[in-house]
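Structure file work25.pdb; described as PDB, C-alpha atoms and all ligand atoms.
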ATOM      1  CA  MET M  52      11.975 -82.308 106.262  1.00  0.00           C
ATOM      2  CA  SER M  53       8.377 -83.555 106.667  1.00  0.00           C
ATOM      3  CA  ALA M  54       5.607 -82.168 104.445  1.00  0.00           C
ATOM      4  CA  PRO M  55       3.904 -80.153 107.278  1.00  0.00           C
ATOM      5  CA  ALA M  56       7.246 -78.651 108.345  1.00  0.00           C
ATOM      6  CA  ALA M  57       8.037 -77.740 104.723  1.00  0.00           C
ATOM      7  CA  THR M  58       4.640 -76.046 104.366  1.00  0.00           C
ATOM      8  CA  ALA M  59       5.244 -74.101 107.589  1.00  0.00           C
ATOM      9  CA  GLN M  60       8.620 -72.969 106.257  1.00  0.00           C
ATOM     10  CA  LEU M  61       7.023 -71.820 103.022  1.00  0.00           C
ATOM     11  CA  TYR M  62       4.278 -69.769 104.713  1.00  0.00           C
ATOM     12  CA  LEU M  63       6.738 -68.327 107.219  1.00  0.00           C
ATOM     13  CA  LYS M  64       9.110 -67.309 104.431  1.00  0.00           C
ATOM     14  CA  GLN M  65       6.248 -65.573 102.596  1.00  0.00           C
ATOM     15  CA  ALA M  66       5.089 -63.838 105.800  1.00  0.00           C
ATOM     16  CA  ARG M  67       8.621 -62.671 106.614  1.00  0.00           C
ATOM     17  CA  ASN M  68       8.896 -61.206 103.087  1.00  0.00           C
ATOM     18  CA  SER M  69       5.619 -59.266 103.444  1.00  0.00           C
ATOM     19  CA  PRO M  70       6.025 -55.657 102.303  1.00  0.00           C
ATOM     20  CA  ASN M  71       3.151 -54.460 104.522  1.00  0.00           C
ATOM     21  CA  SER M  72       0.645 -55.525 107.203  1.00  0.00           C
ATOM     22  CA  LYS M  73      -2.117 -56.258 104.661  1.00  0.00           C
ATOM     23  CA  ASP M  74       0.017 -58.778 102.744  1.00  0.00           C
ATOM     24  CA  CYS M  75       1.163 -60.370 106.005  1.00  0.00           C
ATOM     25  CA  MET M  76      -2.442 -60.657 107.163  1.00  0.00           C
ATOM     26  CA  GLU M  77      -3.503 -62.367 103.934  1.00  0.00           C
ATOM     27  CA  ILE M  78      -0.815 -65.023 104.398  1.00  0.00           C
ATOM     28  CA  TYR M  79      -1.974 -65.782 107.960  1.00  0.00           C
ATOM     29  CA  ASP M  80      -5.623 -65.725 106.841  1.00  0.00           C
ATOM     30  CA  LYS M  81      -4.746 -68.562 104.414  1.00  0.00           C
ATOM     31  CA  TRP M  82      -2.462 -70.377 106.853  1.00  0.00           C
ATOM     32  CA  ALA M  83      -4.760 -70.283 109.923  1.00  0.00           C
ATOM     33  CA  ALA M  84      -6.588 -73.589 109.382  1.00  0.00           C
ATOM     34  CA  THR M  85      -3.396 -75.687 109.207  1.00  0.00           C
ATOM     35  CA  TYR M  86      -0.961 -73.518 111.260  1.00  0.00           C
ATOM     36  CA  ASN M  87      -1.099 -75.595 114.459  1.00  0.00           C
ATOM     37  CA  ASP M  88      -0.492 -78.913 112.698  1.00  0.00           C
ATOM     38  CA  GLU M  89       2.382 -77.497 110.688  1.00  0.00           C
ATOM     39  CA  VAL M  90       4.297 -75.530 113.316  1.00  0.00           C
ATOM     40  CA  GLY M  91       3.629 -78.263 115.853  1.00  0.00           C
ATOM     41  CA  ASP M  92       5.128 -80.937 113.634  1.00  0.00           C
ATOM     42  CA  SER M  93       7.948 -82.716 115.440  1.00  0.00           C
ATOM     43  CA  ALA M  94      10.572 -81.818 112.838  1.00  0.00           C
ATOM     44  CA  GLN M  95       9.658 -78.168 113.204  1.00  0.00           C
ATOM     45  CA  SER M  96       9.339 -78.104 117.000  1.00  0.00           C
ATOM     46  CA  TYR M  97       8.123 -74.580 117.649  1.00  0.00           C
ATOM     47  CA  VAL M  98       9.107 -74.241 121.289  1.00  0.00           C
ATOM     48  CA  ALA M  99       8.802 -70.466 121.802  1.00  0.00           C
ATOM     49  CA  PRO M 100       5.157 -70.354 123.030  1.00  0.00           C
ATOM     50  CA  VAL M 101       5.837 -72.740 125.922  1.00  0.00           C
ATOM     51  CA  LEU M 102       9.192 -71.098 126.796  1.00  0.00           C
ATOM     52  CA  VAL M 103       7.561 -67.654 126.956  1.00  0.00           C
ATOM     53  CA  ALA M 104       4.613 -68.883 129.029  1.00  0.00           C
ATOM     54  CA  GLN M 105       7.056 -70.500 131.478  1.00  0.00           C
ATOM     55  CA  ALA M 106       9.181 -67.336 131.665  1.00  0.00           C
ATOM     56  CA  ALA M 107       6.100 -65.163 132.214  1.00  0.00           C
ATOM     57  CA  ILE M 108       4.916 -67.314 135.112  1.00  0.00           C
ATOM     58  CA  LYS M 109       8.427 -67.515 136.615  1.00  0.00           C
ATOM     59  CA  PHE M 110       9.175 -63.784 136.536  1.00  0.00           C
ATOM     60  CA  LYS M 111       5.711 -62.634 137.622  1.00  0.00           C
ATOM     61  CA  SER M 112       6.076 -64.315 140.985  1.00  0.00           C
ATOM     62  CA  SER M 113       4.237 -61.677 143.036  1.00  0.00           C
ATOM     63  CA  LYS M 114       0.874 -62.807 141.652  1.00  0.00           C
ATOM     64  CA  SER M 115      -0.323 -66.317 140.883  1.00  0.00           C
ATOM     65  CA  PRO M 116      -1.202 -67.049 137.239  1.00  0.00           C
ATOM     66  CA  ALA M 117      -4.848 -67.389 138.287  1.00  0.00           C
ATOM     67  CA  ASP M 118      -4.837 -63.810 139.626  1.00  0.00           C
ATOM     68  CA  SER M 119      -2.935 -62.275 136.709  1.00  0.00           C
ATOM     69  CA  VAL M 120      -4.595 -60.347 133.905  1.00  0.00           C
ATOM     70  CA  ILE M 121      -2.734 -61.122 130.690  1.00  0.00           C
ATOM     71  CA  LEU M 122      -2.562 -59.751 127.147  1.00  0.00           C
ATOM     72  CA  ASP M 123      -1.217 -62.104 124.478  1.00  0.00           C
ATOM     73  CA  ALA M 124      -0.243 -59.734 121.656  1.00  0.00           C
ATOM     74  CA  GLY M 125      -0.015 -61.369 118.228  1.00  0.00           C
ATOM     75  CA  CYS M 126      -1.774 -64.360 119.763  1.00  0.00           C
ATOM     76  CA  GLY M 127      -2.281 -66.187 116.463  1.00  0.00           C
ATOM     77  CA  THR M 128      -4.111 -69.485 116.975  1.00  0.00           C
ATOM     78  CA  GLY M 129      -3.626 -69.341 120.733  1.00  0.00           C
ATOM     79  CA  LEU M 130      -0.586 -71.525 121.451  1.00  0.00           C
ATOM     80  CA  VAL M 131       0.715 -69.101 124.113  1.00  0.00           C
ATOM     81  CA  GLY M 132      -2.710 -68.681 125.689  1.00  0.00           C
ATOM     82  CA  GLN M 133      -3.088 -72.441 125.933  1.00  0.00           C
ATOM     83  CA  ALA M 134       0.338 -72.784 127.581  1.00  0.00           C
ATOM     84  CA  LEU M 135      -0.548 -70.002 130.052  1.00  0.00           C
ATOM     85  CA  ALA M 136      -3.936 -71.581 130.777  1.00  0.00           C
ATOM     86  CA  ILE M 137      -2.250 -74.905 131.631  1.00  0.00           C
ATOM     87  CA  SER M 138      -0.310 -72.961 134.297  1.00  0.00           C
ATOM     88  CA  GLY M 139      -3.608 -71.736 135.755  1.00  0.00           C
ATOM     89  CA  ALA M 140      -4.085 -68.378 134.001  1.00  0.00           C
ATOM     90  CA  ARG M 141      -7.733 -67.508 133.483  1.00  0.00           C
ATOM     91  CA  ALA M 142      -7.988 -63.871 132.395  1.00  0.00           C
ATOM     92  CA  ILE M 143      -6.157 -63.868 129.058  1.00  0.00           C
ATOM     93  CA  ASP M 144      -7.000 -61.398 126.292  1.00  0.00           C
ATOM     94  CA  GLY M 145      -5.586 -61.779 122.797  1.00  0.00           C
ATOM     95  CA  ILE M 146      -5.040 -59.444 119.864  1.00  0.00           C
ATOM     96  CA  ASP M 147      -3.915 -60.322 116.356  1.00  0.00           C
ATOM     97  CA  LEU M 148      -4.060 -58.942 112.827  1.00  0.00           C
ATOM     98  CA  SER M 149      -5.662 -62.027 111.273  1.00  0.00           C
ATOM     99  CA  GLN M 150      -9.315 -62.794 112.032  1.00  0.00           C
ATOM    100  CA  PRO M 151      -9.054 -66.476 110.947  1.00  0.00           C
ATOM    101  CA  MET M 152      -6.117 -66.912 113.380  1.00  0.00           C
ATOM    102  CA  LEU M 153      -8.252 -65.293 116.125  1.00  0.00           C
ATOM    103  CA  ASP M 154     -11.146 -67.641 115.272  1.00  0.00           C
ATOM    104  CA  ILE M 155      -8.917 -70.661 115.968  1.00  0.00           C
ATOM    105  CA  ALA M 156      -7.705 -69.013 119.202  1.00  0.00           C
ATOM    106  CA  ARG M 157     -11.339 -68.576 120.273  1.00  0.00           C
ATOM    107  CA  ASP M 158     -11.942 -72.320 119.774  1.00  0.00           C
ATOM    108  CA  THR M 159      -9.198 -73.122 122.324  1.00  0.00           C
ATOM    109  CA  GLY M 160     -11.355 -71.657 125.113  1.00  0.00           C
ATOM    110  CA  ALA M 161      -8.173 -70.240 126.701  1.00  0.00           C
ATOM    111  CA  TYR M 162      -9.013 -66.562 126.056  1.00  0.00           C
ATOM    112  CA  ARG M 163     -11.376 -64.197 127.870  1.00  0.00           C
ATOM    113  CA  ASP M 164     -11.512 -61.723 124.997  1.00  0.00           C
ATOM    114  CA  LEU M 165     -10.078 -61.612 121.477  1.00  0.00           C
ATOM    115  CA  ALA M 166      -9.860 -58.648 119.105  1.00  0.00           C
ATOM    116  CA  GLN M 167      -8.361 -57.802 115.751  1.00  0.00           C
ATOM    117  CA  ALA M 168      -5.564 -55.206 115.950  1.00  0.00           C
ATOM    118  CA  ASP M 169      -2.628 -53.980 113.902  1.00  0.00           C
ATOM    119  CA  MET M 170       0.318 -53.726 116.277  1.00  0.00           C
ATOM    120  CA  ASN M 171       2.169 -51.465 113.850  1.00  0.00           C
ATOM    121  CA  LYS M 172      -0.278 -48.825 115.061  1.00  0.00           C
ATOM    122  CA  PRO M 173      -1.375 -47.748 118.567  1.00  0.00           C
ATOM    123  CA  ILE M 174      -3.599 -50.421 120.124  1.00  0.00           C
ATOM    124  CA  ALA M 175      -6.995 -49.896 121.775  1.00  0.00           C
ATOM    125  CA  GLN M 176      -6.218 -51.367 125.219  1.00  0.00           C
ATOM    126  CA  LYS M 177      -6.215 -48.950 128.167  1.00  0.00           C
ATOM    127  CA  ASP M 178      -3.103 -47.827 130.101  1.00  0.00           C
ATOM    128  CA  ASP M 179      -1.922 -49.952 133.066  1.00  0.00           C
ATOM    129  CA  THR M 180      -4.297 -52.875 132.460  1.00  0.00           C
ATOM    130  CA  TYR M 181      -2.206 -56.078 132.379  1.00  0.00           C
ATOM    131  CA  ASP M 182       0.051 -57.923 134.849  1.00  0.00           C
ATOM    132  CA  ILE M 183       1.683 -59.830 131.987  1.00  0.00           C
ATOM    133  CA  VAL M 184       1.942 -59.012 128.280  1.00  0.00           C
ATOM    134  CA  SER M 185       3.264 -61.790 126.057  1.00  0.00           C
ATOM    135  CA  CYS M 186       4.247 -61.502 122.413  1.00  0.00           C
ATOM    136  CA  VAL M 187       5.629 -64.546 120.620  1.00  0.00           C
ATOM    137  CA  GLY M 188       6.715 -64.915 116.999  1.00  0.00           C
ATOM    138  CA  THR M 189       5.341 -61.514 116.032  1.00  0.00           C
ATOM    139  CA  PHE M 190       8.455 -59.339 116.322  1.00  0.00           C
ATOM    140  CA  THR M 191       9.949 -60.834 113.218  1.00  0.00           C
ATOM    141  CA  LEU M 192      10.734 -59.880 109.613  1.00  0.00           C
ATOM    142  CA  GLY M 193       7.713 -58.579 107.686  1.00  0.00           C
ATOM    143  CA  HIS M 194       5.471 -58.544 110.784  1.00  0.00           C
ATOM    144  CA  VAL M 195       5.724 -55.955 113.575  1.00  0.00           C
ATOM    145  CA  GLY M 196       8.491 -53.384 114.124  1.00  0.00           C
ATOM    146  CA  PRO M 197       9.700 -51.922 117.424  1.00  0.00           C
ATOM    147  CA  ASP M 198       7.958 -48.547 117.207  1.00  0.00           C
ATOM    148  CA  PRO M 199       5.233 -47.994 118.383  1.00  0.00           C
ATOM    149  CA  ALA M 200       4.663 -51.619 119.426  1.00  0.00           C
ATOM    150  CA  LEU M 201       7.160 -51.970 122.301  1.00  0.00           C
ATOM    151  CA  ARG M 202       6.082 -48.678 123.883  1.00  0.00           C
ATOM    152  CA  GLU M 203       2.429 -49.650 123.433  1.00  0.00           C
ATOM    153  CA  LEU M 204       2.946 -53.003 125.153  1.00  0.00           C
ATOM    154  CA  VAL M 205       4.640 -51.202 128.068  1.00  0.00           C
ATOM    155  CA  ARG M 206       1.837 -48.624 128.186  1.00  0.00           C
ATOM    156  CA  VAL M 207      -0.885 -51.261 128.686  1.00  0.00           C
ATOM    157  CA  THR M 208       1.170 -53.096 131.349  1.00  0.00           C
ATOM    158  CA  LYS M 209       0.589 -52.315 135.040  1.00  0.00           C
ATOM    159  CA  THR M 210       3.413 -50.895 137.160  1.00  0.00           C
ATOM    160  CA  LYS M 211       5.658 -53.842 138.215  1.00  0.00           C
ATOM    161  CA  GLY M 212       4.004 -55.947 135.509  1.00  0.00           C
ATOM    162  CA  ILE M 213       6.082 -57.604 132.804  1.00  0.00           C
ATOM    163  CA  VAL M 214       6.327 -57.726 129.031  1.00  0.00           C
ATOM    164  CA  VAL M 215       7.727 -61.042 127.771  1.00  0.00           C
ATOM    165  CA  ALA M 216       8.458 -61.139 124.053  1.00  0.00           C
ATOM    166  CA  THR M 217      10.494 -63.000 121.480  1.00  0.00           C
ATOM    167  CA  ILE M 218      12.398 -60.980 118.901  1.00  0.00           C
ATOM    168  CA  LEU M 219      14.068 -62.793 116.038  1.00  0.00           C
ATOM    169  CA  GLN M 220      17.801 -62.522 116.734  1.00  0.00           C
ATOM    170  CA  GLU M 221      18.722 -61.290 113.257  1.00  0.00           C
ATOM    171  CA  ILE M 222      16.518 -58.182 113.596  1.00  0.00           C
ATOM    172  CA  TRP M 223      17.195 -57.333 117.298  1.00  0.00           C
ATOM    173  CA  VAL M 224      19.920 -54.774 116.489  1.00  0.00           C
ATOM    174  CA  PRO M 225      19.455 -53.960 112.764  1.00  0.00           C
ATOM    175  CA  PHE M 226      15.710 -53.243 113.013  1.00  0.00           C
ATOM    176  CA  GLY M 227      16.067 -51.026 116.092  1.00  0.00           C
ATOM    177  CA  PHE M 228      14.548 -53.274 118.792  1.00  0.00           C
ATOM    178  CA  LYS M 229      17.612 -53.020 121.038  1.00  0.00           C
ATOM    179  CA  ALA M 230      17.739 -49.224 120.591  1.00  0.00           C
ATOM    180  CA  GLU M 231      14.018 -48.883 121.392  1.00  0.00           C
ATOM    181  CA  VAL M 232      14.433 -50.964 124.576  1.00  0.00           C
ATOM    182  CA  GLU M 233      17.390 -48.778 125.609  1.00  0.00           C
ATOM    183  CA  LYS M 234      15.248 -45.690 124.992  1.00  0.00           C
ATOM    184  CA  LEU M 235      12.410 -47.020 127.179  1.00  0.00           C
ATOM    185  CA  GLU M 236      14.967 -47.871 129.872  1.00  0.00           C
ATOM    186  CA  ALA M 237      16.620 -44.417 129.650  1.00  0.00           C
ATOM    187  CA  GLU M 238      13.197 -42.782 130.029  1.00  0.00           C
ATOM    188  CA  GLY M 239      12.749 -44.717 133.279  1.00  0.00           C
ATOM    189  CA  LEU M 240       9.726 -46.619 131.959  1.00  0.00           C
ATOM    190  CA  VAL M 241      11.172 -50.130 132.256  1.00  0.00           C
ATOM    191  CA  GLU M 242      13.836 -52.263 133.852  1.00  0.00           C
ATOM    192  CA  VAL M 243      15.394 -54.807 131.476  1.00  0.00           C
ATOM    193  CA  VAL M 244      15.186 -58.228 133.155  1.00  0.00           C
ATOM    194  CA  SER M 245      16.418 -60.420 130.293  1.00  0.00           C
ATOM    195  CA  THR M 246      17.709 -60.318 126.753  1.00  0.00           C
ATOM    196  CA  ASP M 247      18.796 -63.972 126.718  1.00  0.00           C
ATOM    197  CA  LEU M 248      18.969 -65.926 123.485  1.00  0.00           C
ATOM    198  CA  ILE M 249      16.603 -68.895 123.229  1.00  0.00           C
ATOM    199  CA  ASP M 250      15.817 -71.581 120.689  1.00  0.00           C
ATOM    200  CA  TYR M 251      12.850 -70.381 118.730  1.00  0.00           C
ATOM    201  CA  VAL M 252      12.164 -73.263 116.403  1.00  0.00           C
ATOM    202  CA  LYS M 253      14.171 -76.346 117.306  1.00  0.00           C
ATOM    203  CA  GLY M 254      15.666 -78.153 114.315  1.00  0.00           C
ATOM    204  CA  HIS M 255      15.570 -74.995 112.206  1.00  0.00           C
ATOM    205  CA  GLY M 256      18.363 -72.985 113.787  1.00  0.00           C
ATOM    206  CA  ASP M 257      16.294 -69.858 114.438  1.00  0.00           C
ATOM    207  CA  LYS M 258      17.222 -68.089 117.639  1.00  0.00           C
ATOM    208  CA  ALA M 259      15.306 -65.306 119.327  1.00  0.00           C
ATOM    209  CA  VAL M 260      16.027 -62.769 122.025  1.00  0.00           C
ATOM    210  CA  LEU M 261      13.795 -63.514 125.004  1.00  0.00           C
ATOM    211  CA  LEU M 262      13.037 -59.967 126.090  1.00  0.00           C
ATOM    212  CA  ILE M 263      11.627 -59.467 129.569  1.00  0.00           C
ATOM    213  CA  LEU M 264      10.811 -55.919 130.656  1.00  0.00           C
ATOM    214  CA  LYS M 265       9.481 -54.922 134.071  1.00  0.00           C
ATOM    215  CA  LYS M 266       7.423 -51.741 134.073  1.00  0.00           C
ATOM    216  CA  SER M 267       8.906 -49.225 136.492  1.00  0.00           C
ATOM    217  CA  GLN M 268       7.131 -47.482 139.319  1.00  0.00           C
ATOM    218  CA  ARG M 269       6.040 -44.044 138.162  1.00  0.00           C
ATOM    219  CA  ALA M 270       7.816 -41.120 139.825  1.00  0.00           C
TER
HETATM  220  C1  LIG V 301       4.333 -66.701 113.760  1.00  0.00           C
HETATM  221  S1  LIG V 301       2.712 -66.195 114.222  1.00  0.00           S
HETATM  222  C2  LIG V 301       2.802 -66.323 115.987  1.00  0.00           C
HETATM  223  C3  LIG V 301       1.450 -66.539 116.601  1.00  0.00           C
HETATM  224  C4  LIG V 301       1.466 -67.006 118.044  1.00  0.00           C
HETATM  225  N1  LIG V 301       1.935 -65.983 118.946  1.00  0.00           N
HETATM  226  C5  LIG V 301       2.312 -68.248 118.172  1.00  0.00           C
HETATM  227  O1  LIG V 301       3.358 -68.179 118.841  1.00  0.00           O
HETATM  228  O2  LIG V 301       1.926 -69.270 117.600  1.00  0.00           O
HETATM  229  C6  LIG V 301       2.751 -64.434 113.967  1.00  0.00           C
HETATM  230  C7  LIG V 301       1.416 -63.766 114.254  1.00  0.00           C
HETATM  231  O3  LIG V 301       1.593 -62.360 114.114  1.00  0.00           O
HETATM  232  C8  LIG V 301       0.406 -61.838 113.593  1.00  0.00           C
HETATM  233  N2  LIG V 301       0.700 -60.517 113.026  1.00  0.00           N
HETATM  234  C9  LIG V 301       1.434 -60.221 111.928  1.00  0.00           C
HETATM  235  N3  LIG V 301       1.480 -58.904 111.745  1.00  0.00           N
HETATM  236  C10 LIG V 301       0.761 -58.343 112.750  1.00  0.00           C
HETATM  237  C11 LIG V 301       0.413 -57.004 113.092  1.00  0.00           C
HETATM  238  N4  LIG V 301       0.816 -55.966 112.346  1.00  0.00           N
HETATM  239  N5  LIG V 301      -0.348 -56.802 114.188  1.00  0.00           N
HETATM  240  C12 LIG V 301      -0.787 -57.841 114.939  1.00  0.00           C
HETATM  241  N6  LIG V 301      -0.489 -59.137 114.666  1.00  0.00           N
HETATM  242  C13 LIG V 301       0.272 -59.380 113.585  1.00  0.00           C
HETATM  243  C14 LIG V 301      -0.027 -62.863 112.556  1.00  0.00           C
HETATM  244  O4  LIG V 301      -1.375 -62.731 112.196  1.00  0.00           O
HETATM  245  C15 LIG V 301       0.295 -64.153 113.297  1.00  0.00           C
HETATM  246  O5  LIG V 301      -0.819 -64.627 114.015  1.00  0.00           O
END
Rewrite the coordinates I just gave you, this time as structure tokens.
Ligand SMILES: C[S@@+](CC[C@H](N)C(=O)[O-])C[C@H]1O[C@@H](n2cnc3c(N)ncnc32)[C@H](O)[C@@H]1O
Amino acid sequence: MSAPAATAQLYLKQARNSPNSKDCMEIYDKWAATYNDEVGDSAQSYVAPVLVAQAAIKFKSSKSPADSVILDAGCGTGLVGQALAISGARAIDGIDLSQPMLDIARDTGAYRDLAQADMNKPIAQKDDTYDIVSCVGTFTLGHVGPDPALRELVRVTKTKGIVVATILQEIWVPFGFKAEVEKLEAEGLVEVVSTDLIDYVKGHGDKAVLLILKKSQRA
């Protein structure tokens, strides 16, 4: 394994072992400056941001990317926003726990607005605001759990809008993500479009559930 890929593995391992949001934030605060070089290293091949951006554009066919208002939740340094912007998206907001990660995202120029937020708590965004909500690499060990985050992401999505998220495969069932999705579906809030497995980090063996939810029409 190359040195950048090994460093990425080390930081990721520490972040996944975080006992709380504050510890997780401190790891990303330290990692921010070198994150892109390390996760983007060819041996590491972090493919999830591009796969999610492509899925978001494909499944939100009723509106062009240029006309879609998007929230990138857990945006980090902005890899998803950049991939969405390449597809023509212009109105992309981002939230993340780590201010240094947000500072790098701001430098990409891909985002309209960026704000610090802890997704383990209710978020500040208004109801029914976004056509697309993306969340990549943030539903993982030591980061963000299913409740209240999944319901919050659905809340801020417009009717017929979509939530596209990766959830690390090993926590999909044991950490209650699948159960929370079933609950949202049973309440009539969402239609489940996809729970396919995708490669998350090529060359590392991590797989993630690619969750796509469509927000249902209110009765
Ligand atoms: C692996 S990075 C993924 C970043 C970006 N989406 C990407 O794909 O490159 C995980 C991100 O989750 C953020 N994060 C961790 N805990 C969080 C929380 N409680 N609320 C919001 N963001 C959080 C971290 O700051 C970090 O930017």
Report as CSV the residues of chain M within 9 Å of ligand LIG 301 (chain V), each with its shortest atom pair and distance in Å (one decimal), using all atoms listed in the file, ordered by chain and increasing residue number.
residue,atom,partner,partner_atom,distance
M:Leu63,CA,V:LIG301,C1,7.2
M:Ala66,CA,V:LIG301,C9,8.0
M:Asn71,CA,V:LIG301,N4,8.3
M:Ser72,CA,V:LIG301,N4,5.2
M:Lys73,CA,V:LIG301,N4,8.2
M:Cys75,CA,V:LIG301,C9,5.9
M:Met76,CA,V:LIG301,O4,5.5
M:Glu77,CA,V:LIG301,O4,8.5
M:Ile78,CA,V:LIG301,O4,8.1
M:Tyr79,CA,V:LIG301,O4,5.3
M:Asp80,CA,V:LIG301,O4,7.5
M:Ala83,CA,V:LIG301,O5,8.0
M:Tyr86,CA,V:LIG301,O2,8.2
M:Asn87,CA,V:LIG301,O2,7.7
M:Val90,CA,V:LIG301,O2,7.9
M:Tyr97,CA,V:LIG301,O1,8.1
M:Val98,CA,V:LIG301,O1,8.7
M:Ala99,CA,V:LIG301,O1,6.6
M:Pro100,CA,V:LIG301,O1,5.1
M:Val101,CA,V:LIG301,O1,8.8
M:Asp123,CA,V:LIG301,N1,7.5
M:Ala124,CA,V:LIG301,C12,7.0
M:Gly125,CA,V:LIG301,N6,4.2
M:Cys126,CA,V:LIG301,N1,4.1
M:Gly127,CA,V:LIG301,O5,3.3
M:Thr128,CA,V:LIG301,O2,6.1
M:Gly129,CA,V:LIG301,C4,6.2
M:Leu130,CA,V:LIG301,O2,5.1
M:Val131,CA,V:LIG301,O1,6.0
M:Gly132,CA,V:LIG301,N1,8.6
M:Ile146,CA,V:LIG301,C12,6.7
M:Asp147,CA,V:LIG301,N6,4.0
M:Leu148,CA,V:LIG301,N6,4.0
M:Ser149,CA,V:LIG301,O4,4.4
M:Gln150,CA,V:LIG301,O4,7.9
M:Pro151,CA,V:LIG301,O4,8.6
M:Met152,CA,V:LIG301,O5,5.8
M:Leu153,CA,V:LIG301,O5,7.8
M:Gln167,CA,V:LIG301,C12,7.6
M:Ala168,CA,V:LIG301,C12,5.5
M:Asp169,CA,V:LIG301,N5,3.6
M:Met170,CA,V:LIG301,N5,3.8
M:Asn171,CA,V:LIG301,N4,4.9
M:Lys172,CA,V:LIG301,N4,7.7
M:Ser185,CA,V:LIG301,N1,8.4
M:Cys186,CA,V:LIG301,N1,6.1
M:Val187,CA,V:LIG301,N1,4.3
M:Gly188,CA,V:LIG301,C2,4.3
M:Thr189,CA,V:LIG301,O3,4.3
M:Phe190,CA,V:LIG301,O3,7.8
M:Thr191,CA,V:LIG301,C6,8.1
M:Gly193,CA,V:LIG301,N3,7.4
M:His194,CA,V:LIG301,N3,4.1
M:Val195,CA,V:LIG301,N4,5.1
M:Gly196,CA,V:LIG301,N4,8.3
M:Ala200,CA,V:LIG301,N5,8.9
Report, in Å with one decimal, the straight-line distance from CA of Leu201 in chain M to CA of Lys266 in chain M.
11.8 Å
Which polymer residues have any atom within 9 Å of an atom of Ala106 in chain M, counting all atoms listed in the file, with same-chain residues fewer than 5 positions away left out, as a list in words?
Val101, Lys111, Val215, Leu261 and Ile263 of chain M
Residue nearest Glu233 in chain M - candidates M:Glu203, M:Ser69, M:Leu264, M:Gly145, atoms counted: all atoms listed in the file
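That would be M:Leu264, the residue with the smallest distance to Glu233 in chain M.
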Excluding same-chain residues fewer than 2 positions from range 237-239 of chain M, what lies within 9 Å of it counting all atoms listed in the file, as number ranges by chain?
M: 232-235, 241-242, 266-270
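Distances here use only C-alpha atoms; by that measure, the residue among M:Val244, M:Gln60, M:Ile155, M:Leu219 closest to Val260 in chain M is M:Leu219.
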Residues matched by the PyMOL selection byres (((chain M and resi 163) around 8) and not hetatm), written as an mmCIF file with C-alpha atoms, in the frame of the given file:
data_model
loop_
_atom_site.group_PDB
_atom_site.id
_atom_site.type_symbol
_atom_site.label_atom_id
_atom_site.label_comp_id
_atom_site.auth_asym_id
_atom_site.auth_seq_id
_atom_site.Cartn_x
_atom_site.Cartn_y
_atom_site.Cartn_z
ATOM 1 C CA ARG M 141 -7.733 -67.508 133.483
ATOM 2 C CA ALA M 142 -7.988 -63.871 132.395
ATOM 3 C CA ILE M 143 -6.157 -63.868 129.058
ATOM 4 C CA ASP M 144 -7.000 -61.398 126.292
ATOM 5 C CA GLY M 160 -11.355 -71.657 125.113
ATOM 6 C CA ALA M 161 -8.173 -70.240 126.701
ATOM 7 C CA TYR M 162 -9.013 -66.562 126.056
ATOM 8 C CA ASP M 164 -11.512 -61.723 124.997
ATOM 9 C CA LEU M 165 -10.078 -61.612 121.477
#
One number please: CA of Asp154 in chain M to CA of Thr85 in chain M, in Å, one decimal.
12.7 Å
Between CA of Thr208 in chain M and CA of Ile108 in chain M lies a distance of 15.2 Å
Hey, which of M:Tyr251, M:Phe110, M:Tyr181, M:Trp223 ends up closest to Lys209 in chain M? Count all atoms listed in the file.
M:Tyr181
Closest of M:Asn68, M:Ser53, M:Thr246, M:Gln176 to Leu122 in chain M - atom-to-atom distances counting only C-alpha atoms
M:Gln176
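Nearest to Lys253 in chain M of all the residues M:Gly212, M:Pro70, M:Lys81, M:Ser96 is M:Ser96, based on only C-alpha atoms.
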Report, as AutoDock Vina command-line options, the centre and edge lengths in Å (one decimal) of the axis-aligned box enclosing every listed atom of range 125-129 of chain M, padded by 8 Å on each side.
--center_x -2.1 --center_y -65.4 --center_z 118.6 --size_x 20.1 --size_y 24.1 --size_z 20.3
Best match for closeness to Ala175 in chain M among M:Ile218, M:Gln133, M:Ala156, M:Arg206, counting only C-alpha atoms:
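Going through M:Ile218, M:Gln133, M:Ala156, M:Arg206 one by one, the smallest distance to Ala175 in chain M is for M:Arg206.
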Please, can range 101-105 of chain M be completed to N, CA, C and O atoms and returned as a PDB file, in the frame of the given file?
ATOM      1  N   VAL M 101       5.734 -72.138 124.583  1.00  0.00           N
ATOM      2  CA  VAL M 101       5.837 -72.740 125.922  1.00  0.00           C
ATOM      3  C   VAL M 101       6.950 -72.060 126.725  1.00  0.00           C
ATOM      4  O   VAL M 101       6.772 -71.756 127.914  1.00  0.00           O
ATOM      5  N   LEU M 102       8.090 -71.766 126.081  1.00  0.00           N
ATOM      6  CA  LEU M 102       9.192 -71.098 126.796  1.00  0.00           C
ATOM      7  C   LEU M 102       8.760 -69.731 127.320  1.00  0.00           C
ATOM      8  O   LEU M 102       9.080 -69.355 128.458  1.00  0.00           O
ATOM      9  N   VAL M 103       8.010 -68.990 126.522  1.00  0.00           N
ATOM     10  CA  VAL M 103       7.561 -67.654 126.956  1.00  0.00           C
ATOM     11  C   VAL M 103       6.536 -67.770 128.078  1.00  0.00           C
ATOM     12  O   VAL M 103       6.591 -67.024 129.068  1.00  0.00           O
ATOM     13  N   ALA M 104       5.610 -68.709 127.957  1.00  0.00           N
ATOM     14  CA  ALA M 104       4.613 -68.883 129.029  1.00  0.00           C
ATOM     15  C   ALA M 104       5.324 -69.238 130.336  1.00  0.00           C
ATOM     16  O   ALA M 104       5.006 -68.679 131.396  1.00  0.00           O
ATOM     17  N   GLN M 105       6.316 -70.118 130.258  1.00  0.00           N
ATOM     18  CA  GLN M 105       7.056 -70.500 131.478  1.00  0.00           C
ATOM     19  C   GLN M 105       7.802 -69.303 132.055  1.00  0.00           C
ATOM     20  O   GLN M 105       7.794 -69.073 133.262  1.00  0.00           O
TER      21      GLN M 105
END
